[in-house]
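Asker: Following this line is data30.cif, made up of mmCIF, N, CA and C atoms:
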```
data_work
#
loop_
_atom_site.label_atom_id
_atom_site.label_comp_id
_atom_site.auth_asym_id
_atom_site.auth_seq_id
_atom_site.Cartn_x
_atom_site.Cartn_y
_atom_site.Cartn_z
N MET A 188 0.82 -1.20 0.00
CA MET A 188 0.00 0.00 0.00
C MET A 188 0.85 1.26 0.00
N VAL A 189 2.00 1.19 0.61
CA VAL A 189 2.90 2.33 0.68
C VAL A 189 3.37 2.72 -0.73
N HIS A 190 3.60 1.74 -1.55
CA HIS A 190 4.07 2.01 -2.90
C HIS A 190 3.05 2.78 -3.72
N PHE A 191 1.78 2.48 -3.54
CA PHE A 191 0.74 3.17 -4.29
C PHE A 191 0.63 4.63 -3.86
N ARG A 192 0.78 4.90 -2.57
CA ARG A 192 0.73 6.29 -2.09
C ARG A 192 1.88 7.09 -2.69
N PHE A 193 3.05 6.48 -2.68
CA PHE A 193 4.22 7.15 -3.24
C PHE A 193 4.00 7.44 -4.74
N LEU A 194 3.49 6.45 -5.44
CA LEU A 194 3.22 6.62 -6.87
C LEU A 194 2.18 7.71 -7.12
N LYS A 195 1.15 7.73 -6.30
CA LYS A 195 0.09 8.72 -6.44
C LYS A 195 0.65 10.13 -6.20
N LYS A 196 1.49 10.28 -5.16
CA LYS A 196 2.10 11.58 -4.87
C LYS A 196 3.04 12.00 -6.00
N TYR A 197 3.79 11.05 -6.53
CA TYR A 197 4.73 11.33 -7.61
C TYR A 197 4.00 11.80 -8.86
N ILE A 198 2.92 11.13 -9.21
CA ILE A 198 2.13 11.51 -10.39
C ILE A 198 1.51 12.89 -10.18
N ALA A 199 0.99 13.15 -8.98
CA ALA A 199 0.40 14.45 -8.68
C ALA A 199 1.46 15.56 -8.79
N LYS A 200 2.67 15.26 -8.33
CA LYS A 200 3.76 16.24 -8.39
C LYS A 200 4.14 16.52 -9.85
N MET A 201 4.19 15.47 -10.68
CA MET A 201 4.55 15.65 -12.08
C MET A 201 3.49 16.46 -12.83
N ILE A 202 2.22 16.19 -12.53
CA ILE A 202 1.13 16.94 -13.17
C ILE A 202 1.21 18.40 -12.78
N CYS A 203 1.51 18.66 -11.53
CA CYS A 203 1.64 20.03 -11.04
C CYS A 203 2.79 20.75 -11.75
N LYS A 204 3.92 20.08 -11.92
CA LYS A 204 5.06 20.67 -12.61
C LYS A 204 4.71 20.97 -14.07
N PHE A 205 4.00 20.04 -14.70
CA PHE A 205 3.61 20.25 -16.09
C PHE A 205 2.68 21.44 -16.22
N LYS A 206 1.73 21.59 -15.30
CA LYS A 206 0.81 22.72 -15.35
C LYS A 206 1.55 24.04 -15.17
N LYS A 207 2.58 24.04 -14.32
CA LYS A 207 3.35 25.26 -14.12
C LYS A 207 4.16 25.62 -15.36
N LYS A 208 4.68 24.62 -16.04
CA LYS A 208 5.54 24.87 -17.20
C LYS A 208 4.78 24.89 -18.52
N ARG A 209 3.48 24.67 -18.48
CA ARG A 209 2.70 24.59 -19.71
C ARG A 209 2.80 25.89 -20.52
N HIS A 210 2.78 27.03 -19.83
CA HIS A 210 2.88 28.31 -20.54
C HIS A 210 4.25 28.47 -21.20
N LEU A 211 5.29 27.89 -20.60
CA LEU A 211 6.61 27.94 -21.22
C LEU A 211 6.64 27.14 -22.52
N TYR A 212 5.98 25.97 -22.51
CA TYR A 212 5.92 25.16 -23.72
C TYR A 212 5.17 25.90 -24.82
N ARG A 213 4.09 26.56 -24.45
CA ARG A 213 3.33 27.32 -25.44
C ARG A 213 4.17 28.44 -26.03
N LYS A 214 4.94 29.13 -25.17
CA LYS A 214 5.81 30.21 -25.65
C LYS A 214 6.86 29.67 -26.60
N ARG A 215 7.44 28.51 -26.27
CA ARG A 215 8.46 27.93 -27.14
C ARG A 215 7.88 27.54 -28.49
N ILE A 216 6.68 26.99 -28.49
CA ILE A 216 6.04 26.60 -29.75
C ILE A 216 5.74 27.83 -30.58
N LYS A 217 5.21 28.89 -29.95
CA LYS A 217 4.92 30.12 -30.68
C LYS A 217 6.19 30.74 -31.23
N MET A 218 7.28 30.71 -30.45
CA MET A 218 8.54 31.25 -30.91
C MET A 218 9.08 30.46 -32.10
N PHE A 219 8.99 29.12 -32.01
CA PHE A 219 9.45 28.27 -33.10
C PHE A 219 8.66 28.55 -34.37
N LEU A 220 7.33 28.66 -34.25
CA LEU A 220 6.51 28.93 -35.43
C LEU A 220 6.80 30.30 -36.00
N GLY A 221 7.08 31.27 -35.15
CA GLY A 221 7.43 32.61 -35.62
C GLY A 221 8.74 32.61 -36.38
N VAL A 222 9.73 31.92 -35.86
CA VAL A 222 11.03 31.82 -36.54
C VAL A 222 10.88 31.07 -37.85
N TYR A 223 10.13 29.97 -37.81
CA TYR A 223 9.87 29.15 -39.00
C TYR A 223 9.22 30.01 -40.09
N PHE A 224 8.20 30.76 -39.71
CA PHE A 224 7.49 31.61 -40.66
C PHE A 224 8.41 32.72 -41.17
N GLY A 225 9.19 33.30 -40.27
CA GLY A 225 10.07 34.40 -40.66
C GLY A 225 11.15 33.97 -41.62
N ILE A 226 11.80 32.85 -41.33
CA ILE A 226 12.91 32.39 -42.17
C ILE A 226 12.42 31.84 -43.50
N LEU A 227 11.34 31.10 -43.49
CA LEU A 227 10.91 30.43 -44.71
C LEU A 227 9.88 31.20 -45.54
N VAL A 228 9.35 32.31 -45.02
CA VAL A 228 8.37 33.06 -45.80
C VAL A 228 8.76 34.54 -45.94
N VAL A 229 8.98 35.21 -44.83
CA VAL A 229 9.22 36.65 -44.88
C VAL A 229 10.58 36.99 -45.47
N LEU A 230 11.64 36.35 -44.99
CA LEU A 230 12.98 36.64 -45.47
C LEU A 230 13.14 36.43 -46.99
N PRO A 231 12.69 35.30 -47.54
CA PRO A 231 12.80 35.14 -49.00
C PRO A 231 12.00 36.19 -49.79
N CYS A 232 10.86 36.61 -49.26
CA CYS A 232 10.07 37.65 -49.95
C CYS A 232 10.85 38.96 -49.99
N LEU A 233 11.51 39.29 -48.88
CA LEU A 233 12.33 40.51 -48.86
C LEU A 233 13.50 40.40 -49.83
N LEU A 234 14.15 39.24 -49.85
CA LEU A 234 15.25 39.04 -50.79
C LEU A 234 14.78 39.16 -52.23
N ALA A 235 13.61 38.60 -52.50
CA ALA A 235 13.06 38.66 -53.86
C ALA A 235 12.78 40.10 -54.27
N ALA A 236 12.33 40.91 -53.33
CA ALA A 236 11.99 42.29 -53.65
C ALA A 236 13.24 43.18 -53.78
N ILE A 237 14.28 42.89 -52.99
CA ILE A 237 15.43 43.80 -52.93
C ILE A 237 16.58 43.37 -53.85
N ILE A 238 17.00 42.11 -53.75
CA ILE A 238 18.24 41.68 -54.39
C ILE A 238 18.03 40.94 -55.71
N ALA A 239 17.02 40.11 -55.78
CA ALA A 239 16.89 39.16 -56.88
C ALA A 239 16.66 39.82 -58.24
N LYS A 240 17.21 39.17 -59.26
CA LYS A 240 16.95 39.56 -60.64
C LYS A 240 15.90 38.60 -61.19
N ARG A 241 14.98 39.13 -61.97
CA ARG A 241 13.92 38.29 -62.52
C ARG A 241 14.38 37.65 -63.82
N VAL A 242 14.23 36.34 -63.88
CA VAL A 242 14.53 35.58 -65.09
C VAL A 242 13.26 34.80 -65.43
N ARG A 243 12.66 35.16 -66.55
CA ARG A 243 11.39 34.54 -66.98
C ARG A 243 10.32 34.60 -65.89
N GLY A 244 10.25 35.73 -65.21
CA GLY A 244 9.23 35.95 -64.20
C GLY A 244 9.54 35.37 -62.83
N VAL A 245 10.71 34.76 -62.66
CA VAL A 245 11.07 34.13 -61.38
C VAL A 245 12.26 34.87 -60.78
N PRO A 246 12.17 35.30 -59.52
CA PRO A 246 13.32 35.95 -58.89
C PRO A 246 14.46 34.96 -58.66
N VAL A 247 15.65 35.32 -59.13
CA VAL A 247 16.81 34.43 -59.02
C VAL A 247 17.96 35.20 -58.37
N ILE A 248 18.61 34.54 -57.41
CA ILE A 248 19.81 35.10 -56.80
C ILE A 248 20.95 34.12 -57.08
N ILE A 249 22.01 34.62 -57.68
CA ILE A 249 23.18 33.79 -57.97
C ILE A 249 24.21 34.04 -56.87
N CYS A 250 24.45 33.02 -56.06
CA CYS A 250 25.39 33.14 -54.94
C CYS A 250 26.21 31.85 -54.82
N PRO A 251 27.26 31.72 -55.64
CA PRO A 251 28.02 30.47 -55.67
C PRO A 251 28.71 30.12 -54.35
N ARG A 252 29.23 31.10 -53.62
CA ARG A 252 29.94 30.80 -52.37
C ARG A 252 29.02 30.21 -51.32
N VAL A 253 27.86 30.81 -51.16
CA VAL A 253 26.91 30.32 -50.15
C VAL A 253 26.40 28.94 -50.53
N MET A 254 26.09 28.76 -51.80
CA MET A 254 25.55 27.47 -52.22
C MET A 254 26.60 26.36 -52.13
N LYS A 255 27.84 26.68 -52.45
CA LYS A 255 28.91 25.68 -52.31
C LYS A 255 29.11 25.32 -50.84
N ALA A 256 29.00 26.32 -49.95
CA ALA A 256 29.12 26.06 -48.51
C ALA A 256 28.01 25.13 -48.02
N LEU A 257 26.81 25.28 -48.61
CA LEU A 257 25.70 24.40 -48.26
C LEU A 257 25.79 23.05 -48.95
N GLY A 258 26.65 22.95 -49.96
CA GLY A 258 26.79 21.70 -50.69
C GLY A 258 25.68 21.49 -51.70
N LYS A 259 25.09 22.57 -52.19
CA LYS A 259 23.97 22.49 -53.14
C LYS A 259 24.32 23.26 -54.41
N ASP A 260 23.69 22.89 -55.51
CA ASP A 260 23.82 23.65 -56.75
C ASP A 260 22.65 24.61 -56.93
N GLY A 261 21.53 24.30 -56.30
CA GLY A 261 20.35 25.14 -56.40
C GLY A 261 19.45 24.93 -55.21
N LEU A 262 18.68 25.97 -54.89
CA LEU A 262 17.77 25.90 -53.75
C LEU A 262 16.59 26.80 -54.04
N ALA A 263 15.39 26.28 -53.86
CA ALA A 263 14.18 27.07 -54.09
C ALA A 263 13.47 27.28 -52.76
N ILE A 264 13.46 28.51 -52.31
CA ILE A 264 12.69 28.90 -51.13
C ILE A 264 11.74 29.98 -51.61
N TRP A 265 10.48 29.65 -51.63
CA TRP A 265 9.48 30.51 -52.26
C TRP A 265 9.62 31.93 -51.78
N PRO A 266 9.64 32.89 -52.63
CA PRO A 266 9.51 32.94 -54.08
C PRO A 266 10.84 33.06 -54.82
N VAL A 267 11.96 32.71 -54.19
CA VAL A 267 13.29 32.94 -54.75
C VAL A 267 13.96 31.62 -55.10
N ILE A 268 14.77 31.65 -56.16
CA ILE A 268 15.63 30.52 -56.49
C ILE A 268 17.08 30.96 -56.29
N PHE A 269 17.83 30.20 -55.52
CA PHE A 269 19.25 30.46 -55.31
C PHE A 269 20.03 29.47 -56.19
N LEU A 270 20.96 29.98 -56.99
CA LEU A 270 21.73 29.14 -57.91
C LEU A 270 23.22 29.44 -57.79
N THR A 271 24.04 28.46 -58.20
CA THR A 271 25.49 28.67 -58.24
C THR A 271 25.94 29.21 -59.58
N GLU A 272 25.16 28.97 -60.61
CA GLU A 272 25.53 29.38 -61.98
C GLU A 272 24.37 30.17 -62.59
N PRO A 273 24.62 30.92 -63.65
CA PRO A 273 23.54 31.68 -64.30
C PRO A 273 22.42 30.75 -64.79
N PRO A 274 21.17 31.22 -64.68
CA PRO A 274 20.02 30.37 -65.04
C PRO A 274 19.83 30.17 -66.54
N LEU A 275 20.44 31.02 -67.36
CA LEU A 275 20.27 30.92 -68.81
C LEU A 275 21.62 30.68 -69.48
N THR A 276 21.60 29.90 -70.56
CA THR A 276 22.81 29.66 -71.34
C THR A 276 23.02 30.83 -72.31
N MET A 277 24.09 30.75 -73.09
CA MET A 277 24.41 31.83 -74.03
C MET A 277 23.32 32.05 -75.08
N ASN A 278 22.68 30.98 -75.53
CA ASN A 278 21.62 31.12 -76.54
C ASN A 278 20.24 31.19 -75.90
N ASP A 279 20.16 31.74 -74.70
CA ASP A 279 18.91 32.06 -73.99
C ASP A 279 18.03 30.85 -73.69
N LYS A 280 18.64 29.70 -73.47
CA LYS A 280 17.89 28.52 -73.03
C LYS A 280 18.11 28.35 -71.54
N SER A 281 17.09 27.89 -70.84
CA SER A 281 17.22 27.73 -69.39
C SER A 281 18.02 26.46 -69.07
N THR A 282 18.79 26.54 -68.00
CA THR A 282 19.60 25.40 -67.59
C THR A 282 18.73 24.36 -66.89
N LYS A 283 19.27 23.16 -66.79
CA LYS A 283 18.54 22.06 -66.16
C LYS A 283 18.25 22.36 -64.69
N MET A 284 19.21 22.95 -63.98
CA MET A 284 19.03 23.27 -62.56
C MET A 284 17.94 24.32 -62.37
N PHE A 285 17.92 25.33 -63.25
CA PHE A 285 16.89 26.37 -63.16
C PHE A 285 15.50 25.77 -63.35
N ARG A 286 15.35 24.90 -64.35
CA ARG A 286 14.05 24.24 -64.57
C ARG A 286 13.66 23.38 -63.37
N HIS A 287 14.64 22.67 -62.81
CA HIS A 287 14.38 21.80 -61.66
C HIS A 287 13.89 22.62 -60.47
N GLU A 288 14.54 23.74 -60.19
CA GLU A 288 14.13 24.57 -59.06
C GLU A 288 12.79 25.26 -59.34
N CYS A 289 12.49 25.56 -60.60
CA CYS A 289 11.16 26.11 -60.93
C CYS A 289 10.06 25.10 -60.60
N ILE A 290 10.34 23.83 -60.81
CA ILE A 290 9.37 22.79 -60.45
C ILE A 290 9.11 22.81 -58.95
N HIS A 291 10.18 22.99 -58.16
CA HIS A 291 10.00 23.07 -56.70
C HIS A 291 9.16 24.29 -56.32
N LEU A 292 9.32 25.40 -57.02
CA LEU A 292 8.49 26.58 -56.74
C LEU A 292 7.02 26.28 -57.00
N HIS A 293 6.73 25.57 -58.08
CA HIS A 293 5.35 25.20 -58.39
C HIS A 293 4.79 24.26 -57.31
N GLN A 294 5.61 23.32 -56.84
CA GLN A 294 5.17 22.42 -55.77
C GLN A 294 4.87 23.21 -54.50
N GLN A 295 5.70 24.18 -54.19
CA GLN A 295 5.49 24.99 -52.99
C GLN A 295 4.19 25.79 -53.09
N ARG A 296 3.91 26.31 -54.27
CA ARG A 296 2.65 27.04 -54.46
C ARG A 296 1.44 26.12 -54.28
N GLU A 297 1.53 24.91 -54.81
CA GLU A 297 0.42 23.96 -54.70
C GLU A 297 0.13 23.60 -53.25
N LEU A 298 1.18 23.49 -52.43
CA LEU A 298 1.03 23.11 -51.03
C LEU A 298 0.97 24.32 -50.10
N CYS A 299 0.70 25.50 -50.65
CA CYS A 299 0.58 26.73 -49.86
C CYS A 299 1.85 27.03 -49.08
N VAL A 300 2.98 26.80 -49.64
CA VAL A 300 4.32 27.10 -49.14
C VAL A 300 4.63 26.45 -47.79
N ILE A 301 3.86 26.73 -46.75
CA ILE A 301 4.17 26.27 -45.39
C ILE A 301 4.17 24.74 -45.30
N PHE A 302 3.26 24.06 -45.96
CA PHE A 302 3.16 22.61 -45.84
C PHE A 302 4.21 21.88 -46.69
N PHE A 303 4.83 22.59 -47.61
CA PHE A 303 5.84 21.97 -48.47
C PHE A 303 7.07 21.55 -47.68
N TYR A 304 7.54 22.43 -46.81
CA TYR A 304 8.82 22.20 -46.12
C TYR A 304 8.81 20.98 -45.20
N PRO A 305 7.79 20.77 -44.36
CA PRO A 305 7.80 19.53 -43.55
C PRO A 305 7.78 18.28 -44.41
N LEU A 306 7.00 18.29 -45.49
CA LEU A 306 6.96 17.13 -46.38
C LEU A 306 8.30 16.91 -47.06
N TYR A 307 8.94 17.98 -47.46
CA TYR A 307 10.24 17.90 -48.12
C TYR A 307 11.30 17.33 -47.17
N PHE A 308 11.31 17.80 -45.91
CA PHE A 308 12.28 17.31 -44.93
C PHE A 308 12.01 15.86 -44.57
N LEU A 309 10.74 15.46 -44.48
CA LEU A 309 10.42 14.05 -44.21
C LEU A 309 10.91 13.16 -45.36
N GLU A 310 10.71 13.62 -46.58
CA GLU A 310 11.18 12.84 -47.72
C GLU A 310 12.70 12.71 -47.70
N ALA A 311 13.38 13.80 -47.37
CA ALA A 311 14.84 13.77 -47.30
C ALA A 311 15.31 12.81 -46.21
N LEU A 312 14.62 12.80 -45.07
CA LEU A 312 14.98 11.88 -43.99
C LEU A 312 14.79 10.43 -44.42
N THR A 313 13.72 10.13 -45.14
CA THR A 313 13.49 8.75 -45.58
C THR A 313 14.55 8.31 -46.59
N LEU A 314 15.06 9.26 -47.37
CA LEU A 314 16.11 8.91 -48.33
C LEU A 314 17.43 8.60 -47.64
N TYR A 315 17.70 9.27 -46.53
CA TYR A 315 18.97 9.06 -45.83
C TYR A 315 18.95 7.87 -44.88
N ILE A 316 17.76 7.42 -44.50
CA ILE A 316 17.65 6.29 -43.55
C ILE A 316 17.80 4.98 -44.26
#
```
Let's see the structure in the file written out as structure tokens.
Answerer:
Amino acid sequence: MVHFRFLKKYIAKMICKFKKKRHLYRKRIKMFLGVYFGILVVLPCLLAAIIAKRVRGVPVIICPRVMKALGKDGLAIWPVIFLTEPPLTMNDKSTKMFRHECIHLHQQRELCVIFFYPLYFLEALTLYI
């Protein structure tokens, strides 16, 4: 019988601690969602408006050093495409990487941008496992 009293007190203590810290968890979740929204939606929109050059209606930023540091040749974060090389060839044809990243932009639009990233990261995790 002593063991049950101890267990009951322990559970009551844990519930009390959780109730006290519940507001902290909510703050952390709100902060995470704010950062997530800021980095993946607001920042690219600002970059598209300020820095990017439009190529066939799509904002493109060519930044070979950053992309090489990330180990990527191209990256599409709506509404901007980041590339290591120019998106068009000498005879005004689009490169394979530019077309590939444009497809990702279309996918992001279809999934309302926010839902694309978790699905993309889950797919990447399944490929590495």
Asker: Would you please give, as a ChimeraX atom specification, all residues of chain A that DSSP assigns to strand (DSSP E) based on the backbone?
Answerer: /A:240-242,245-249,261-264,267-270
Asker: Among chain A, which ones does DSSP assign to helix (DSSP H, G or I) (computed from the backbone)? Answer as JSON, numbers by chain.
Answerer: {"A": [189, 190, 191, 192, 193, 194, 195, 196, 197, 198, 199, 200, 201, 202, 203, 204, 205, 206, 207, 208, 209, 210, 211, 212, 213, 214, 215, 216, 217, 218, 219, 220, 221, 222, 223, 224, 225, 226, 227, 228, 229, 230, 231, 232, 233, 234, 235, 236, 237, 251, 252, 253, 254, 255, 256, 257, 283, 284, 285, 286, 287, 288, 289, 290, 291, 292, 293, 294, 295, 296, 297, 303, 304, 305, 306, 307, 308, 309, 310, 311, 312, 313, 314, 315]}
Asker: Which of these, A:Val253, A:Ala236, A:Val267, A:Leu227, has the shortest distance to Val300 in chain A once you count all atoms listed in the file?
Answerer: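 Among A:Val253, A:Ala236, A:Val267, A:Leu227, it is A:Leu227 that comes nearest to Val300 in chain A.
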Asker: Can you pull out every residue within 9 Å of Glu272 in chain A, counting only C-alpha atoms, but drop anything in the same chain fewer than 4 positions away, and send it as number ranges by chain?
Answerer: A: 249-251, 260-261, 284
Asker: Quick one: residues within 7 Å of Leu262 in chain A, all atoms listed in the file, excluding same-chain residues fewer than 4 positions away - as number ranges by chain?
Answerer: A: 267-271, 288
Asker: Suppose a student applies the PyMOL selection byres (((chain A and resi 246 and name CA) around 12) and name CA) to this structure; what residues should they get, written as a PDB file with N, CA and C atoms, in the coordinates of the input?
Answerer:
```pdb
ATOM      1  N   PRO A 231      12.690  35.300 -47.540  1.00  0.00           N
ATOM      2  CA  PRO A 231      12.800  35.140 -49.000  1.00  0.00           C
ATOM      3  C   PRO A 231      12.000  36.190 -49.790  1.00  0.00           C
ATOM      4  N   CYS A 232      10.860  36.610 -49.260  1.00  0.00           N
ATOM      5  CA  CYS A 232      10.070  37.650 -49.950  1.00  0.00           C
ATOM      6  C   CYS A 232      10.850  38.960 -49.990  1.00  0.00           C
ATOM      7  N   LEU A 233      11.510  39.290 -48.880  1.00  0.00           N
ATOM      8  CA  LEU A 233      12.330  40.510 -48.860  1.00  0.00           C
ATOM      9  C   LEU A 233      13.500  40.400 -49.830  1.00  0.00           C
ATOM     10  N   LEU A 234      14.150  39.240 -49.850  1.00  0.00           N
ATOM     11  CA  LEU A 234      15.250  39.040 -50.790  1.00  0.00           C
ATOM     12  C   LEU A 234      14.780  39.160 -52.230  1.00  0.00           C
ATOM     13  N   ALA A 235      13.610  38.600 -52.500  1.00  0.00           N
ATOM     14  CA  ALA A 235      13.060  38.660 -53.860  1.00  0.00           C
ATOM     15  C   ALA A 235      12.780  40.100 -54.270  1.00  0.00           C
ATOM     16  N   ALA A 236      12.330  40.910 -53.330  1.00  0.00           N
ATOM     17  CA  ALA A 236      11.990  42.290 -53.650  1.00  0.00           C
ATOM     18  C   ALA A 236      13.240  43.180 -53.780  1.00  0.00           C
ATOM     19  N   ILE A 237      14.280  42.890 -52.990  1.00  0.00           N
ATOM     20  CA  ILE A 237      15.430  43.800 -52.930  1.00  0.00           C
ATOM     21  C   ILE A 237      16.580  43.370 -53.850  1.00  0.00           C
ATOM     22  N   ILE A 238      17.000  42.110 -53.750  1.00  0.00           N
ATOM     23  CA  ILE A 238      18.240  41.680 -54.390  1.00  0.00           C
ATOM     24  C   ILE A 238      18.030  40.940 -55.710  1.00  0.00           C
ATOM     25  N   ALA A 239      17.020  40.110 -55.780  1.00  0.00           N
ATOM     26  CA  ALA A 239      16.890  39.160 -56.880  1.00  0.00           C
ATOM     27  C   ALA A 239      16.660  39.820 -58.240  1.00  0.00           C
ATOM     28  N   LYS A 240      17.210  39.170 -59.260  1.00  0.00           N
ATOM     29  CA  LYS A 240      16.950  39.560 -60.640  1.00  0.00           C
ATOM     30  C   LYS A 240      15.900  38.600 -61.190  1.00  0.00           C
ATOM     31  N   ARG A 241      14.980  39.130 -61.970  1.00  0.00           N
ATOM     32  CA  ARG A 241      13.920  38.290 -62.520  1.00  0.00           C
ATOM     33  C   ARG A 241      14.380  37.650 -63.820  1.00  0.00           C
ATOM     34  N   VAL A 242      14.230  36.340 -63.880  1.00  0.00           N
ATOM     35  CA  VAL A 242      14.530  35.580 -65.090  1.00  0.00           C
ATOM     36  C   VAL A 242      13.260  34.800 -65.430  1.00  0.00           C
ATOM     37  N   ARG A 243      12.660  35.160 -66.550  1.00  0.00           N
ATOM     38  CA  ARG A 243      11.390  34.540 -66.980  1.00  0.00           C
ATOM     39  C   ARG A 243      10.320  34.600 -65.890  1.00  0.00           C
ATOM     40  N   GLY A 244      10.250  35.730 -65.210  1.00  0.00           N
ATOM     41  CA  GLY A 244       9.230  35.950 -64.200  1.00  0.00           C
ATOM     42  C   GLY A 244       9.540  35.370 -62.830  1.00  0.00           C
ATOM     43  N   VAL A 245      10.710  34.760 -62.660  1.00  0.00           N
ATOM     44  CA  VAL A 245      11.070  34.130 -61.380  1.00  0.00           C
ATOM     45  C   VAL A 245      12.260  34.870 -60.780  1.00  0.00           C
ATOM     46  N   VAL A 247      15.650  35.320 -59.130  1.00  0.00           N
ATOM     47  CA  VAL A 247      16.810  34.430 -59.020  1.00  0.00           C
ATOM     48  C   VAL A 247      17.960  35.200 -58.370  1.00  0.00           C
ATOM     49  N   ILE A 248      18.610  34.540 -57.410  1.00  0.00           N
ATOM     50  CA  ILE A 248      19.810  35.100 -56.800  1.00  0.00           C
ATOM     51  C   ILE A 248      20.950  34.120 -57.080  1.00  0.00           C
ATOM     52  N   ILE A 249      22.010  34.620 -57.680  1.00  0.00           N
ATOM     53  CA  ILE A 249      23.180  33.790 -57.970  1.00  0.00           C
ATOM     54  C   ILE A 249      24.210  34.040 -56.870  1.00  0.00           C
ATOM     55  N   ALA A 263      15.390  26.280 -53.860  1.00  0.00           N
ATOM     56  CA  ALA A 263      14.180  27.070 -54.090  1.00  0.00           C
ATOM     57  C   ALA A 263      13.470  27.280 -52.760  1.00  0.00           C
ATOM     58  N   ILE A 264      13.460  28.510 -52.310  1.00  0.00           N
ATOM     59  CA  ILE A 264      12.690  28.900 -51.130  1.00  0.00           C
ATOM     60  C   ILE A 264      11.740  29.980 -51.610  1.00  0.00           C
ATOM     61  N   TRP A 265      10.480  29.650 -51.630  1.00  0.00           N
ATOM     62  CA  TRP A 265       9.480  30.510 -52.260  1.00  0.00           C
ATOM     63  C   TRP A 265       9.620  31.930 -51.780  1.00  0.00           C
ATOM     64  N   PRO A 266       9.640  32.890 -52.630  1.00  0.00           N
ATOM     65  CA  PRO A 266       9.510  32.940 -54.080  1.00  0.00           C
ATOM     66  C   PRO A 266      10.840  33.060 -54.820  1.00  0.00           C
ATOM     67  N   VAL A 267      11.960  32.710 -54.190  1.00  0.00           N
ATOM     68  CA  VAL A 267      13.290  32.940 -54.750  1.00  0.00           C
ATOM     69  C   VAL A 267      13.960  31.620 -55.100  1.00  0.00           C
ATOM     70  N   ILE A 268      14.770  31.650 -56.160  1.00  0.00           N
ATOM     71  CA  ILE A 268      15.630  30.520 -56.490  1.00  0.00           C
ATOM     72  C   ILE A 268      17.080  30.960 -56.290  1.00  0.00           C
ATOM     73  N   PHE A 269      17.830  30.200 -55.520  1.00  0.00           N
ATOM     74  CA  PHE A 269      19.250  30.460 -55.310  1.00  0.00           C
ATOM     75  C   PHE A 269      20.030  29.470 -56.190  1.00  0.00           C
ATOM     76  N   LEU A 270      20.960  29.980 -56.990  1.00  0.00           N
ATOM     77  CA  LEU A 270      21.730  29.140 -57.910  1.00  0.00           C
ATOM     78  C   LEU A 270      23.220  29.440 -57.790  1.00  0.00           C
ATOM     79  N   PRO A 274      21.170  31.220 -64.680  1.00  0.00           N
ATOM     80  CA  PRO A 274      20.020  30.370 -65.040  1.00  0.00           C
ATOM     81  C   PRO A 274      19.830  30.170 -66.540  1.00  0.00           C
ATOM     82  N   PHE A 285      17.920  25.330 -63.250  1.00  0.00           N
ATOM     83  CA  PHE A 285      16.890  26.370 -63.160  1.00  0.00           C
ATOM     84  C   PHE A 285      15.500  25.770 -63.350  1.00  0.00           C
ATOM     85  N   GLU A 288      14.540  23.740 -60.190  1.00  0.00           N
ATOM     86  CA  GLU A 288      14.130  24.570 -59.060  1.00  0.00           C
ATOM     87  C   GLU A 288      12.790  25.260 -59.340  1.00  0.00           C
ATOM     88  N   CYS A 289      12.490  25.560 -60.600  1.00  0.00           N
ATOM     89  CA  CYS A 289      11.160  26.110 -60.930  1.00  0.00           C
ATOM     90  C   CYS A 289      10.060  25.100 -60.600  1.00  0.00           C
ATOM     91  N   LEU A 292       9.320  25.400 -57.020  1.00  0.00           N
ATOM     92  CA  LEU A 292       8.490  26.580 -56.740  1.00  0.00           C
ATOM     93  C   LEU A 292       7.020  26.280 -57.000  1.00  0.00           C
TER      94      LEU A 292
END
```
Asker: Calculate how many Å separate atom C of Pro273 in chain A from atom N of His287 in chain A, rounding to one decimal.
Answerer: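 Interatomic distance, atom C of Pro273 in chain A to atom N of His287 in chain A: 11.4 Å.
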Asker: Output as a compact mmCIF listing (two decimals), keeping the file's coordinate frame: range 265-271 of chain A, completed with N, CA, C and O atoms.
Answerer:
```
# COMPACT_ATOMS: atom_id res chain seq x y z
N TRP A 265 10.48 29.65 -51.63
CA TRP A 265 9.48 30.51 -52.26
C TRP A 265 9.62 31.93 -51.78
O TRP A 265 9.71 32.16 -50.58
N PRO A 266 9.64 32.89 -52.63
CA PRO A 266 9.51 32.94 -54.08
C PRO A 266 10.84 33.06 -54.82
O PRO A 266 10.87 33.49 -55.96
N VAL A 267 11.96 32.71 -54.19
CA VAL A 267 13.29 32.94 -54.75
C VAL A 267 13.96 31.62 -55.10
O VAL A 267 13.78 30.62 -54.40
N ILE A 268 14.77 31.65 -56.16
CA ILE A 268 15.63 30.52 -56.49
C ILE A 268 17.08 30.96 -56.29
O ILE A 268 17.48 32.01 -56.81
N PHE A 269 17.83 30.20 -55.52
CA PHE A 269 19.25 30.46 -55.31
C PHE A 269 20.03 29.47 -56.19
O PHE A 269 19.80 28.27 -56.12
N LEU A 270 20.96 29.98 -56.99
CA LEU A 270 21.73 29.14 -57.91
C LEU A 270 23.22 29.44 -57.79
O LEU A 270 23.62 30.54 -57.38
N THR A 271 24.04 28.46 -58.20
CA THR A 271 25.49 28.67 -58.24
C THR A 271 25.94 29.21 -59.58
O THR A 271 26.98 29.82 -59.68
```
